[in-house]
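Have a look at the structure below before the remarks.
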Amino acid sequence: MSVISEGAQKGPEVLGSNPSSAASSLCERRKVTLWPSVFPCRFHASGRGSAPAPFFHLKSKDFFFDIMAAAGWEREGPSAYVLEMQKQFQGHGRTEEYQAHTARVFSVAWSCDGARLASGSCDKTASVFLLKDSCLVREHNYQGHRKSIDHLCWHPSNPDLFVTASGDRSIRIWDVRKTKCVSAIQTKGENLNICWSPDGSTIAVGDRKDVVTFFDARTYQAKAEECFKLMVNEISWNNDNTQFFLTNGKGYITVLSYPDLKPVHSFNAHPSDCICIKFDPTGKYFAIGSADSLVSLWDLDELVCVRCLSRLDWPVTTLSFSHDGKMLASASEGHFIDIAEVETGDRIWKIQGQSTTLTVAWHPKFPLLAFACDDKEGQPEARQEVGTVKLFGLPNDS
């Protein structure tokens, strides 16, 4: 079934200067076309398929003061939550590195109980760490894929199972109790992204040919397949398991009903390709990262863009909401991670790095952020950080 009739032109990358190799590689794997940055106005998605409207969609009768409120001009200084978390990170702002792989790490994810962190790498393996006393301890390295692991995720309620997606035309389900693969499922294409439905019954995997296949998580059999004419970059269910979202080329977001997979919405969220999407744990918002370097925050019920974060300078590669839904971490080719307050968009913290951040993941219970960066090219071998996983939010004095 084709949801969007217009095909995406997969043309050359266009940038003002040369991007880093890692982000270019990430965009190439996700088939993202990079376009110059354009800042969109706040808009409503009711005009399906239309470009962002150059006006504010505001409910209040007082247009002027709503614009002031949307811009945050009526506030005097940071919110109490921003001050609280800044104080937290002033005392817990240490980042620790852990050797996980022998090559670049593309994906990190926490188990639902937060006891374990998994990482997937270009070295064809997945590593699992235990979180013990504010420290990651490597538990096991999982081998079996013949090509790089581009994406992984955990079962939403079973902390012992996780699944990996690889370019070797397979996905594998692993059990940490048995430290082995419990199922290897062959797919038709080279896989780029994967997600597990909130009820744990279905696994969806997207491939390079913009085909999304839905597998029964109990029988491991394919139960549906959808082909899209617009490029598919990332996929996700909403928290209620009633809709399925896809980030597409040309700035589109496609929304399907679930489980019948009928088109519900298709709207233009950004002027450039939408790369990543994440839902906050409270179910109030979802965030979109785009090739235009912007992060947009959307009201899930009304599909209204409530604000844009514009502190990144390059295509947004990764997003993650904190466990309470109040913080949003985002990163791009720039050498830092931005941590923002969701309700205001204000910066809480900036994690400075020395290379492109490829993946971020907040812990499901604590203000701990796991992330992985590109290997630092041109550095001495001892400083290249090849295959490392990092953990931010640790006590400064430990």
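Letters A, B, ... mark the chains of the structure tokens in the order given; residue numbers begin at 1 per chain; ligand numbers begin at 1, in order shown.
If you count only C-alpha atoms and ignore residues fewer than 4 places along the chain from stretch 271-278 of chain A, what sits within 6 Å of it is Asn233, Glu234, Thr247, Asn248, Gly249, Lys250, Gly251, Phe286, Ala287, Ile288, Gly289, Ser290, Ala291 and Asp292 of chain A.
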Residues near stretch 211-222 of chain A, cut-off 9 Å, only C-alpha atoms, skip fewer than 4 positions along chain, as a VMD selection string: chain A and resid 183 to 185 187 to 189 196 200 to 207 226 to 228 232 235
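Distance-wise, atom CA of A:Phe244 and atom CA of A:His363 end up 23.7 Å apart.
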Between stretch 313-397 of chain A and stretch 92-108 of chain A, at 10 Å or less, what are the per-residue closest atom pairs and their distances in Å? Count only C-alpha atoms, order by chain and rising residue number, and return it as CSV.
```
residue,atom,partner,partner_atom,distance
A:Thr318,CA,A:Ser107,CA,9.6
A:Trp349,CA,A:Gly93,CA,9.3
A:Ile351,CA,A:Gly93,CA,8.7
A:Thr357,CA,A:Phe106,CA,9.4
A:Leu358,CA,A:Phe106,CA,6.0
A:Thr359,CA,A:Ser107,CA,5.5
A:Val360,CA,A:Val108,CA,6.7
A:Ala361,CA,A:Val108,CA,6.5
A:Trp362,CA,A:Val108,CA,9.8
A:Pro367,CA,A:His92,CA,9.3
A:Leu368,CA,A:His92,CA,9.2
A:Leu369,CA,A:Thr95,CA,9.1
A:Ala370,CA,A:Val108,CA,7.1
A:Phe371,CA,A:Val108,CA,6.7
A:Ala372,CA,A:Val105,CA,6.1
A:Cys373,CA,A:Val105,CA,7.2
A:Asp374,CA,A:Arg104,CA,6.1
A:Asp375,CA,A:Arg104,CA,6.2
A:Glu385,CA,A:Gln99,CA,8.2
A:Val386,CA,A:Ala103,CA,5.5
A:Gly387,CA,A:His101,CA,4.3
A:Thr388,CA,A:Gln99,CA,4.6
A:Val389,CA,A:Tyr98,CA,5.2
A:Lys390,CA,A:Glu97,CA,4.4
A:Leu391,CA,A:Glu96,CA,5.3
A:Phe392,CA,A:Thr95,CA,4.3
A:Gly393,CA,A:His92,CA,4.9
A:Leu394,CA,A:His92,CA,4.8
A:Pro395,CA,A:His92,CA,4.1
A:Asn396,CA,A:Arg94,CA,5.3
A:Asp397,CA,A:His92,CA,8.5
```
Looking only at the backbone, which of the residues in stretch 210-281 of chain A does DSSP tag as strand (DSSP E), as a JSON list (two decimals) with all heavy atoms, in the first residue's frame?
```json
[["chain", "number", "residue", "atom", "x", "y", "z"],
["A", 211, "VAL", "N", 10.50, 0.14, 2.75],
["A", 211, "VAL", "CA", 9.50, -0.86, 3.06],
["A", 211, "VAL", "C", 9.52, -1.09, 4.58],
["A", 211, "VAL", "O", 10.59, -1.29, 5.16],
["A", 211, "VAL", "CB", 9.76, -2.19, 2.33],
["A", 211, "VAL", "CG1", 8.76, -3.26, 2.76],
["A", 211, "VAL", "CG2", 9.69, -1.98, 0.83],
["A", 212, "VAL", "N", 8.35, -1.05, 5.20],
["A", 212, "VAL", "CA", 8.22, -1.32, 6.64],
["A", 212, "VAL", "C", 7.47, -2.64, 6.80],
["A", 212, "VAL", "O", 6.36, -2.79, 6.27],
["A", 212, "VAL", "CB", 7.49, -0.20, 7.37],
["A", 212, "VAL", "CG1", 7.34, -0.53, 8.86],
["A", 212, "VAL", "CG2", 8.23, 1.13, 7.20],
["A", 213, "THR", "N", 8.09, -3.58, 7.51],
["A", 213, "THR", "CA", 7.50, -4.90, 7.73],
["A", 213, "THR", "C", 7.17, -5.06, 9.20],
["A", 213, "THR", "O", 7.98, -4.72, 10.07],
["A", 213, "THR", "CB", 8.45, -6.01, 7.26],
["A", 213, "THR", "OG1", 8.84, -5.77, 5.91],
["A", 213, "THR", "CG2", 7.76, -7.37, 7.34],
["A", 214, "PHE", "N", 6.00, -5.62, 9.48],
["A", 214, "PHE", "CA", 5.53, -5.82, 10.85],
["A", 214, "PHE", "C", 5.56, -7.31, 11.16],
["A", 214, "PHE", "O", 4.93, -8.12, 10.46],
["A", 214, "PHE", "CB", 4.11, -5.28, 11.01],
["A", 214, "PHE", "CG", 4.00, -3.79, 10.79],
["A", 214, "PHE", "CD1", 3.90, -3.27, 9.50],
["A", 214, "PHE", "CD2", 4.02, -2.92, 11.87],
["A", 214, "PHE", "CE1", 3.81, -1.90, 9.29],
["A", 214, "PHE", "CE2", 3.93, -1.54, 11.66],
["A", 214, "PHE", "CZ", 3.82, -1.03, 10.38],
["A", 215, "PHE", "N", 6.30, -7.68, 12.21],
["A", 215, "PHE", "CA", 6.45, -9.08, 12.60],
["A", 215, "PHE", "C", 5.73, -9.34, 13.92],
["A", 215, "PHE", "O", 5.80, -8.51, 14.85],
["A", 215, "PHE", "CB", 7.93, -9.44, 12.76],
["A", 215, "PHE", "CG", 8.70, -9.47, 11.46],
["A", 215, "PHE", "CD1", 9.39, -8.35, 11.03],
["A", 215, "PHE", "CD2", 8.72, -10.61, 10.68],
["A", 215, "PHE", "CE1", 10.10, -8.36, 9.84],
["A", 215, "PHE", "CE2", 9.42, -10.64, 9.49],
["A", 215, "PHE", "CZ", 10.11, -9.51, 9.07],
["A", 216, "ASP", "N", 5.08, -10.48, 14.01],
["A", 216, "ASP", "CA", 4.48, -10.94, 15.26],
["A", 216, "ASP", "C", 5.62, -11.32, 16.21],
["A", 216, "ASP", "O", 6.46, -12.16, 15.88],
["A", 216, "ASP", "CB", 3.56, -12.13, 15.01],
["A", 216, "ASP", "CG", 2.75, -12.50, 16.25],
["A", 216, "ASP", "OD1", 3.36, -12.77, 17.29],
["A", 216, "ASP", "OD2", 1.52, -12.54, 16.15],
["A", 222, "ALA", "N", 5.92, -12.54, 9.59],
["A", 222, "ALA", "CA", 5.49, -11.25, 9.08],
["A", 222, "ALA", "C", 3.96, -11.23, 8.97],
["A", 222, "ALA", "O", 3.36, -12.17, 8.45],
["A", 222, "ALA", "CB", 6.12, -10.98, 7.73],
["A", 223, "LYS", "N", 3.34, -10.17, 9.47],
["A", 223, "LYS", "CA", 1.88, -10.09, 9.41],
["A", 223, "LYS", "C", 1.39, -8.91, 8.59],
["A", 223, "LYS", "O", 0.20, -8.81, 8.29],
["A", 223, "LYS", "CB", 1.28, -10.04, 10.81],
["A", 223, "LYS", "CG", 1.74, -8.90, 11.70],
["A", 223, "LYS", "CD", 1.10, -9.05, 13.08],
["A", 223, "LYS", "CE", 1.42, -7.88, 13.99],
["A", 223, "LYS", "NZ", 0.80, -8.01, 15.32],
["A", 224, "ALA", "N", 2.29, -8.01, 8.20],
["A", 224, "ALA", "CA", 1.92, -6.90, 7.33],
["A", 224, "ALA", "C", 3.18, -6.30, 6.74],
["A", 224, "ALA", "O", 4.27, -6.40, 7.31],
["A", 224, "ALA", "CB", 1.13, -5.84, 8.10],
["A", 225, "GLU", "N", 3.00, -5.66, 5.57],
["A", 225, "GLU", "CA", 4.12, -5.01, 4.91],
["A", 225, "GLU", "C", 3.59, -3.78, 4.17],
["A", 225, "GLU", "O", 2.58, -3.86, 3.48],
["A", 225, "GLU", "CB", 4.79, -5.97, 3.92],
["A", 225, "GLU", "CG", 5.99, -5.39, 3.20],
["A", 225, "GLU", "CD", 6.61, -6.40, 2.25],
["A", 225, "GLU", "OE1", 7.31, -7.31, 2.72],
["A", 225, "GLU", "OE2", 6.36, -6.27, 1.03],
["A", 226, "GLU", "N", 4.27, -2.65, 4.34],
["A", 226, "GLU", "CA", 3.85, -1.41, 3.70],
["A", 226, "GLU", "C", 5.04, -0.81, 2.94],
["A", 226, "GLU", "O", 6.14, -0.71, 3.47],
["A", 226, "GLU", "CB", 3.34, -0.41, 4.73],
["A", 226, "GLU", "CG", 2.11, -0.86, 5.50],
["A", 226, "GLU", "CD", 0.87, -0.88, 4.63],
["A", 226, "GLU", "OE1", 0.79, -0.08, 3.68],
["A", 226, "GLU", "OE2", -0.01, -1.71, 4.91],
["A", 227, "CYS", "N", 4.80, -0.41, 1.70],
["A", 227, "CYS", "CA", 5.83, 0.23, 0.88],
["A", 227, "CYS", "C", 5.46, 1.69, 0.69],
["A", 227, "CYS", "O", 4.30, 2.01, 0.40],
["A", 227, "CYS", "CB", 5.94, -0.48, -0.46],
["A", 227, "CYS", "SG", 7.24, 0.20, -1.52],
["A", 232, "VAL", "N", 11.60, 6.68, 3.98],
["A", 232, "VAL", "CA", 11.29, 6.45, 5.38],
["A", 232, "VAL", "C", 12.59, 6.49, 6.18],
["A", 232, "VAL", "O", 13.50, 5.68, 5.94],
["A", 232, "VAL", "CB", 10.57, 5.11, 5.59],
["A", 232, "VAL", "CG1", 10.34, 4.84, 7.07],
["A", 232, "VAL", "CG2", 9.25, 5.08, 4.82],
["A", 233, "ASN", "N", 12.68, 7.40, 7.13],
["A", 233, "ASN", "CA", 13.91, 7.55, 7.90],
["A", 233, "ASN", "C", 13.83, 6.96, 9.30],
["A", 233, "ASN", "O", 14.77, 6.34, 9.76],
["A", 233, "ASN", "CB", 14.29, 9.03, 7.98],
["A", 233, "ASN", "CG", 14.74, 9.57, 6.64],
["A", 233, "ASN", "OD1", 15.46, 8.91, 5.91],
["A", 233, "ASN", "ND2", 14.29, 10.76, 6.29],
["A", 234, "GLU", "N", 12.71, 7.17, 10.01],
["A", 234, "GLU", "CA", 12.56, 6.56, 11.33],
["A", 234, "GLU", "C", 11.09, 6.25, 11.56],
["A", 234, "GLU", "O", 10.20, 6.90, 10.98],
["A", 234, "GLU", "CB", 13.11, 7.47, 12.43],
["A", 234, "GLU", "CG", 13.32, 6.76, 13.76],
["A", 234, "GLU", "CD", 14.25, 7.52, 14.69],
["A", 234, "GLU", "OE1", 15.46, 7.50, 14.44],
["A", 234, "GLU", "OE2", 13.76, 8.11, 15.66],
["A", 235, "ILE", "N", 10.82, 5.26, 12.40],
["A", 235, "ILE", "CA", 9.46, 4.79, 12.63],
["A", 235, "ILE", "C", 9.20, 4.66, 14.12],
["A", 235, "ILE", "O", 10.11, 4.42, 14.91],
["A", 235, "ILE", "CB", 9.23, 3.42, 11.94],
["A", 235, "ILE", "CG1", 10.30, 2.41, 12.39],
["A", 235, "ILE", "CG2", 9.23, 3.57, 10.43],
["A", 235, "ILE", "CD1", 10.15, 1.01, 11.79],
["A", 236, "SER", "N", 7.91, 4.82, 14.51],
["A", 236, "SER", "CA", 7.57, 4.70, 15.93],
["A", 236, "SER", "C", 6.06, 4.62, 16.10],
["A", 236, "SER", "O", 5.31, 5.28, 15.39],
["A", 236, "SER", "CB", 8.10, 5.89, 16.72],
["A", 236, "SER", "OG", 7.75, 5.80, 18.09],
["A", 237, "TRP", "N", 5.63, 3.81, 17.06],
["A", 237, "TRP", "CA", 4.25, 3.85, 17.52],
["A", 237, "TRP", "C", 4.07, 5.02, 18.48],
["A", 237, "TRP", "O", 5.04, 5.46, 19.12],
["A", 237, "TRP", "CB", 3.90, 2.57, 18.28],
["A", 237, "TRP", "CG", 3.45, 1.43, 17.44],
["A", 237, "TRP", "CD1", 2.17, 1.16, 17.01],
["A", 237, "TRP", "CD2", 4.27, 0.35, 16.94],
["A", 237, "TRP", "NE1", 2.16, -0.02, 16.28],
["A", 237, "TRP", "CE2", 3.42, -0.53, 16.23],
["A", 237, "TRP", "CE3", 5.62, 0.03, 17.03],
["A", 237, "TRP", "CZ2", 3.88, -1.70, 15.61],
["A", 237, "TRP", "CZ3", 6.09, -1.11, 16.42],
["A", 237, "TRP", "CH2", 5.22, -1.97, 15.71],
["A", 243, "GLN", "N", -1.56, 4.40, 16.84],
["A", 243, "GLN", "CA", -1.10, 5.02, 15.60],
["A", 243, "GLN", "C", 0.37, 4.72, 15.37],
["A", 243, "GLN", "O", 1.13, 4.49, 16.32],
["A", 243, "GLN", "CB", -1.33, 6.54, 15.63],
["A", 243, "GLN", "CG", -2.79, 6.95, 15.63],
["A", 243, "GLN", "CD", -2.97, 8.45, 15.61],
["A", 243, "GLN", "OE1", -2.16, 9.20, 16.15],
["A", 243, "GLN", "NE2", -4.04, 8.92, 14.98],
["A", 244, "PHE", "N", 0.75, 4.73, 14.10],
["A", 244, "PHE", "CA", 2.12, 4.43, 13.70],
["A", 244, "PHE", "C", 2.65, 5.62, 12.90],
["A", 244, "PHE", "O", 2.03, 6.03, 11.91],
["A", 244, "PHE", "CB", 2.17, 3.16, 12.87],
["A", 244, "PHE", "CG", 3.55, 2.63, 12.63],
["A", 244, "PHE", "CD1", 4.22, 1.95, 13.64],
["A", 244, "PHE", "CD2", 4.17, 2.80, 11.41],
["A", 244, "PHE", "CE1", 5.50, 1.45, 13.43],
["A", 244, "PHE", "CE2", 5.45, 2.31, 11.19],
["A", 244, "PHE", "CZ", 6.11, 1.64, 12.20],
["A", 245, "PHE", "N", 3.79, 6.18, 13.34],
["A", 245, "PHE", "CA", 4.36, 7.38, 12.74],
["A", 245, "PHE", "C", 5.62, 7.05, 11.95],
["A", 245, "PHE", "O", 6.41, 6.19, 12.35],
["A", 245, "PHE", "CB", 4.72, 8.40, 13.83],
["A", 245, "PHE", "CG", 3.54, 9.11, 14.43],
["A", 245, "PHE", "CD1", 2.59, 8.42, 15.18],
["A", 245, "PHE", "CD2", 3.39, 10.48, 14.27],
["A", 245, "PHE", "CE1", 1.51, 9.09, 15.76],
["A", 245, "PHE", "CE2", 2.32, 11.16, 14.84],
["A", 245, "PHE", "CZ", 1.38, 10.45, 15.58],
["A", 246, "LEU", "N", 5.81, 7.77, 10.84],
["A", 246, "LEU", "CA", 7.01, 7.63, 10.03],
["A", 246, "LEU", "C", 7.54, 9.01, 9.68],
["A", 246, "LEU", "O", 6.78, 9.91, 9.30],
["A", 246, "LEU", "CB", 6.73, 6.87, 8.73],
["A", 246, "LEU", "CG", 6.04, 5.51, 8.81],
["A", 246, "LEU", "CD1", 4.54, 5.66, 8.62],
["A", 246, "LEU", "CD2", 6.61, 4.56, 7.75],
["A", 247, "THR", "N", 8.85, 9.22, 9.82],
["A", 247, "THR", "CA", 9.47, 10.44, 9.33],
["A", 247, "THR", "C", 9.89, 10.19, 7.88],
["A", 247, "THR", "O", 10.51, 9.18, 7.56],
["A", 247, "THR", "CB", 10.70, 10.83, 10.17],
["A", 247, "THR", "OG1", 11.68, 9.79, 10.13],
["A", 247, "THR", "CG2", 10.30, 11.07, 11.62],
["A", 248, "ASN", "N", 9.58, 11.16, 7.02],
["A", 248, "ASN", "CA", 9.77, 10.97, 5.59],
["A", 248, "ASN", "C", 10.64, 12.05, 4.97],
["A", 248, "ASN", "O", 10.95, 13.06, 5.60],
["A", 248, "ASN", "CB", 8.41, 10.97, 4.87],
["A", 248, "ASN", "CG", 7.49, 9.86, 5.32],
["A", 248, "ASN", "OD1", 6.37, 10.10, 5.71],
["A", 248, "ASN", "ND2", 7.97, 8.63, 5.27],
["A", 252, "TYR", "N", 8.02, 15.48, 5.41],
["A", 252, "TYR", "CA", 6.70, 14.94, 5.72],
["A", 252, "TYR", "C", 6.72, 14.01, 6.94],
["A", 252, "TYR", "O", 7.72, 13.34, 7.22],
["A", 252, "TYR", "CB", 6.14, 14.16, 4.53],
["A", 252, "TYR", "CG", 5.49, 15.02, 3.49],
["A", 252, "TYR", "CD1", 6.24, 15.59, 2.46],
["A", 252, "TYR", "CD2", 4.12, 15.28, 3.53],
["A", 252, "TYR", "CE1", 5.65, 16.39, 1.50],
["A", 252, "TYR", "CE2", 3.52, 16.07, 2.57],
["A", 252, "TYR", "CZ", 4.28, 16.63, 1.56],
["A", 252, "TYR", "OH", 3.69, 17.42, 0.62],
["A", 253, "ILE", "N", 5.59, 13.98, 7.63],
["A", 253, "ILE", "CA", 5.29, 12.98, 8.65],
["A", 253, "ILE", "C", 4.05, 12.22, 8.18],
["A", 253, "ILE", "O", 3.04, 12.83, 7.84],
["A", 253, "ILE", "CB", 5.03, 13.62, 10.02],
["A", 253, "ILE", "CG1", 6.27, 14.36, 10.52],
["A", 253, "ILE", "CG2", 4.60, 12.56, 11.04],
["A", 253, "ILE", "CD1", 7.47, 13.48, 10.80],
["A", 254, "THR", "N", 4.14, 10.90, 8.18],
["A", 254, "THR", "CA", 3.00, 10.06, 7.83],
["A", 254, "THR", "C", 2.49, 9.38, 9.09],
["A", 254, "THR", "O", 3.28, 8.85, 9.87],
["A", 254, "THR", "CB", 3.41, 8.99, 6.79],
["A", 254, "THR", "OG1", 3.87, 9.63, 5.61],
["A", 254, "THR", "CG2", 2.24, 8.08, 6.46],
["A", 255, "VAL", "N", 1.18, 9.40, 9.28],
["A", 255, "VAL", "CA", 0.55, 8.77, 10.44],
["A", 255, "VAL", "C", -0.45, 7.73, 9.94],
["A", 255, "VAL", "O", -1.34, 8.05, 9.16],
["A", 255, "VAL", "CB", -0.16, 9.80, 11.34],
["A", 255, "VAL", "CG1", -0.69, 9.13, 12.61],
["A", 255, "VAL", "CG2", 0.77, 10.96, 11.69],
["A", 256, "LEU", "N", -0.28, 6.50, 10.40],
["A", 256, "LEU", "CA", -1.19, 5.42, 10.06],
["A", 256, "LEU", "C", -1.96, 4.99, 11.30],
["A", 256, "LEU", "O", -1.41, 5.01, 12.41],
["A", 256, "LEU", "CB", -0.42, 4.21, 9.51],
["A", 256, "LEU", "CG", 0.53, 4.43, 8.34],
["A", 256, "LEU", "CD1", 1.19, 3.11, 7.96],
["A", 256, "LEU", "CD2", -0.18, 5.04, 7.16],
["A", 257, "SER", "N", -3.19, 4.58, 11.13],
["A", 257, "SER", "CA", -3.92, 3.97, 12.23],
["A", 257, "SER", "C", -3.32, 2.59, 12.47],
["A", 257, "SER", "O", -2.73, 1.98, 11.59],
["A", 257, "SER", "CB", -5.41, 3.86, 11.90],
["A", 257, "SER", "OG", -5.60, 3.07, 10.73],
["A", 263, "PRO", "N", -4.12, 5.20, 6.28],
["A", 263, "PRO", "CA", -3.59, 6.56, 6.42],
["A", 263, "PRO", "C", -4.53, 7.47, 7.19],
["A", 263, "PRO", "O", -5.74, 7.53, 6.90],
["A", 263, "PRO", "CB", -3.43, 7.03, 4.97],
["A", 263, "PRO", "CG", -4.31, 6.12, 4.17],
["A", 263, "PRO", "CD", -4.34, 4.81, 4.88],
["A", 264, "VAL", "N", -4.01, 8.15, 8.19],
["A", 264, "VAL", "CA", -4.78, 9.08, 9.02],
["A", 264, "VAL", "C", -4.39, 10.52, 8.73],
["A", 264, "VAL", "O", -5.23, 11.38, 8.52],
["A", 264, "VAL", "CB", -4.59, 8.77, 10.52],
["A", 264, "VAL", "CG1", -5.34, 9.78, 11.38],
["A", 264, "VAL", "CG2", -5.05, 7.36, 10.84],
["A", 265, "HIS", "N", -3.08, 10.78, 8.72],
["A", 265, "HIS", "CA", -2.56, 12.11, 8.43],
["A", 265, "HIS", "C", -1.31, 11.99, 7.60],
["A", 265, "HIS", "O", -0.56, 11.02, 7.70],
["A", 265, "HIS", "CB", -2.20, 12.88, 9.72],
["A", 265, "HIS", "CG", -3.34, 13.10, 10.66],
["A", 265, "HIS", "ND1", -4.37, 13.96, 10.38],
["A", 265, "HIS", "CD2", -3.61, 12.57, 11.88],
["A", 265, "HIS", "CE1", -5.22, 13.96, 11.38],
["A", 265, "HIS", "NE2", -4.79, 13.12, 12.31],
["A", 266, "SER", "N", -1.07, 13.01, 6.80],
["A", 266, "SER", "CA", 0.22, 13.20, 6.13],
["A", 266, "SER", "C", 0.42, 14.71, 6.06],
["A", 266, "SER", "O", -0.34, 15.40, 5.40],
["A", 266, "SER", "CB", 0.22, 12.59, 4.73],
["A", 266, "SER", "OG", 1.45, 12.87, 4.08],
["A", 267, "PHE", "N", 1.41, 15.22, 6.79],
["A", 267, "PHE", "CA", 1.59, 16.66, 6.84],
["A", 267, "PHE", "C", 3.05, 17.04, 6.75],
["A", 267, "PHE", "O", 3.95, 16.26, 7.07],
["A", 267, "PHE", "CB", 0.96, 17.25, 8.12],
["A", 267, "PHE", "CG", 1.53, 16.71, 9.40],
["A", 267, "PHE", "CD1", 2.59, 17.34, 10.03],
["A", 267, "PHE", "CD2", 0.99, 15.57, 10.00],
["A", 267, "PHE", "CE1", 3.11, 16.86, 11.23],
["A", 267, "PHE", "CE2", 1.49, 15.08, 11.18],
["A", 267, "PHE", "CZ", 2.56, 15.72, 11.80],
["A", 268, "ASN", "N", 3.28, 18.25, 6.27],
["A", 268, "ASN", "CA", 4.62, 18.76, 6.09],
["A", 268, "ASN", "C", 5.07, 19.44, 7.37],
["A", 268, "ASN", "O", 4.60, 20.52, 7.70],
["A", 268, "ASN", "CB", 4.65, 19.74, 4.92],
["A", 268, "ASN", "CG", 6.06, 20.05, 4.47],
["A", 268, "ASN", "OD1", 6.65, 21.02, 4.91],
["A", 268, "ASN", "ND2", 6.59, 19.24, 3.59],
["A", 274, "CYS", "N", 12.62, 15.02, 7.32],
["A", 274, "CYS", "CA", 12.49, 14.67, 8.73],
["A", 274, "CYS", "C", 13.31, 13.41, 8.99],
["A", 274, "CYS", "O", 13.16, 12.41, 8.29],
["A", 274, "CYS", "CB", 11.02, 14.42, 9.09],
["A", 274, "CYS", "SG", 10.00, 15.91, 8.99],
["A", 275, "ILE", "N", 14.16, 13.45, 9.99],
["A", 275, "ILE", "CA", 15.11, 12.36, 10.23],
["A", 275, "ILE", "C", 14.68, 11.47, 11.38],
["A", 275, "ILE", "O", 14.61, 10.25, 11.25],
["A", 275, "ILE", "CB", 16.52, 12.93, 10.50],
["A", 275, "ILE", "CG1", 16.99, 13.75, 9.29],
["A", 275, "ILE", "CG2", 17.51, 11.80, 10.79],
["A", 275, "ILE", "CD1", 18.33, 14.46, 9.52],
["A", 276, "CYS", "N", 14.39, 12.05, 12.53],
["A", 276, "CYS", "CA", 14.10, 11.24, 13.72],
["A", 276, "CYS", "C", 12.85, 11.74, 14.43],
["A", 276, "CYS", "O", 12.44, 12.89, 14.28],
["A", 276, "CYS", "CB", 15.30, 11.22, 14.68],
["A", 276, "CYS", "SG", 16.07, 12.82, 14.96],
["A", 277, "ILE", "N", 12.24, 10.85, 15.22],
["A", 277, "ILE", "CA", 11.02, 11.17, 15.95],
["A", 277, "ILE", "C", 11.03, 10.43, 17.28],
["A", 277, "ILE", "O", 11.47, 9.30, 17.36],
["A", 277, "ILE", "CB", 9.77, 10.79, 15.13],
["A", 277, "ILE", "CG1", 8.47, 11.21, 15.85],
["A", 277, "ILE", "CG2", 9.74, 9.31, 14.80],
["A", 277, "ILE", "CD1", 7.22, 11.09, 14.99],
["A", 278, "LYS", "N", 10.57, 11.12, 18.33],
["A", 278, "LYS", "CA", 10.47, 10.51, 19.65],
["A", 278, "LYS", "C", 9.20, 11.02, 20.35],
["A", 278, "LYS", "O", 8.82, 12.17, 20.20],
["A", 278, "LYS", "CB", 11.70, 10.84, 20.52],
["A", 278, "LYS", "CG", 12.95, 10.09, 20.12],
["A", 278, "LYS", "CD", 12.82, 8.60, 20.36],
["A", 278, "LYS", "CE", 14.11, 7.85, 20.01],
["A", 278, "LYS", "NZ", 14.39, 7.87, 18.57],
["A", 279, "PHE", "N", 8.58, 10.13, 21.16],
["A", 279, "PHE", "CA", 7.40, 10.48, 21.94],
["A", 279, "PHE", "C", 7.79, 10.61, 23.40],
["A", 279, "PHE", "O", 8.56, 9.80, 23.92],
["A", 279, "PHE", "CB", 6.32, 9.40, 21.77],
["A", 279, "PHE", "CG", 5.70, 9.39, 20.41],
["A", 279, "PHE", "CD1", 6.34, 8.76, 19.35],
["A", 279, "PHE", "CD2", 4.50, 10.03, 20.18],
["A", 279, "PHE", "CE1", 5.78, 8.76, 18.08],
["A", 279, "PHE", "CE2", 3.93, 10.04, 18.92],
["A", 279, "PHE", "CZ", 4.57, 9.40, 17.86]]
```
Å distance separating atom CA of A:Tyr258 from atom CA of A:Arg172, one decimal place: 23.7 Å
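Compared by their closest atoms to A:Ile337, and using only C-alpha atoms, the residues A:Asp150, A:Asp113, A:Asp175, A:Asp313 rank with A:Asp313 nearest.
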Close residues, A:Cys112 itself excluded, 6 Å, only C-alpha atoms, min 2 positions apart in chain, as a PyMOL selection string: chain A and resi 114+156-157+159
How about saving the chosen residues, C-alpha atoms kept, as a compact mmCIF listing (two decimals), in the first residue's frame?
```txt
# COMPACT_ATOMS: atom_id res chain seq x y z
CA GLY A 114 16.94 0.72 33.46
CA PRO A 156 8.77 -2.36 26.25
CA SER A 157 7.93 -4.43 29.36
CA PRO A 159 13.78 -6.23 30.55
```
Who sits within 6 Å of A:Leu130, only C-alpha atoms, same chain under 3 positions skipped, as a VMD selection string: chain A and resid 115 to 116 136 to 137
Write the residues of the preceding selection, restricted to N, CA and C atoms, as a short mmCIF file (atom, residue, chain, number, x, y, z; two decimals), in the first residue's frame.
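Generated output (out_5.cif):
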```cif
data_model
loop_
_atom_site.label_atom_id
_atom_site.label_comp_id
_atom_site.auth_asym_id
_atom_site.auth_seq_id
_atom_site.Cartn_x
_atom_site.Cartn_y
_atom_site.Cartn_z
N ALA A 115 18.04 -1.34 34.14
CA ALA A 115 19.15 -2.12 34.69
C ALA A 115 20.26 -2.34 33.68
N ARG A 116 19.92 -2.31 32.38
CA ARG A 116 20.91 -2.61 31.35
C ARG A 116 20.88 -1.57 30.23
N LEU A 136 28.76 1.69 34.53
CA LEU A 136 28.40 0.65 33.58
C LEU A 136 29.43 -0.47 33.60
N VAL A 137 28.96 -1.69 33.76
CA VAL A 137 29.82 -2.87 33.78
C VAL A 137 29.43 -3.76 32.60
#
```
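Of note, atom CA of A:Ile348 and atom CA of A:Cys308 are spaced 15.5 Å apart.
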For A:Ile149: contacts at 12 Å, only C-alpha atoms, fewer than 4 positions along chain excluded, given as a PyMOL selection string: chain A and resi 29+101+103-108+118-127+142-145+153+163-172+190-194
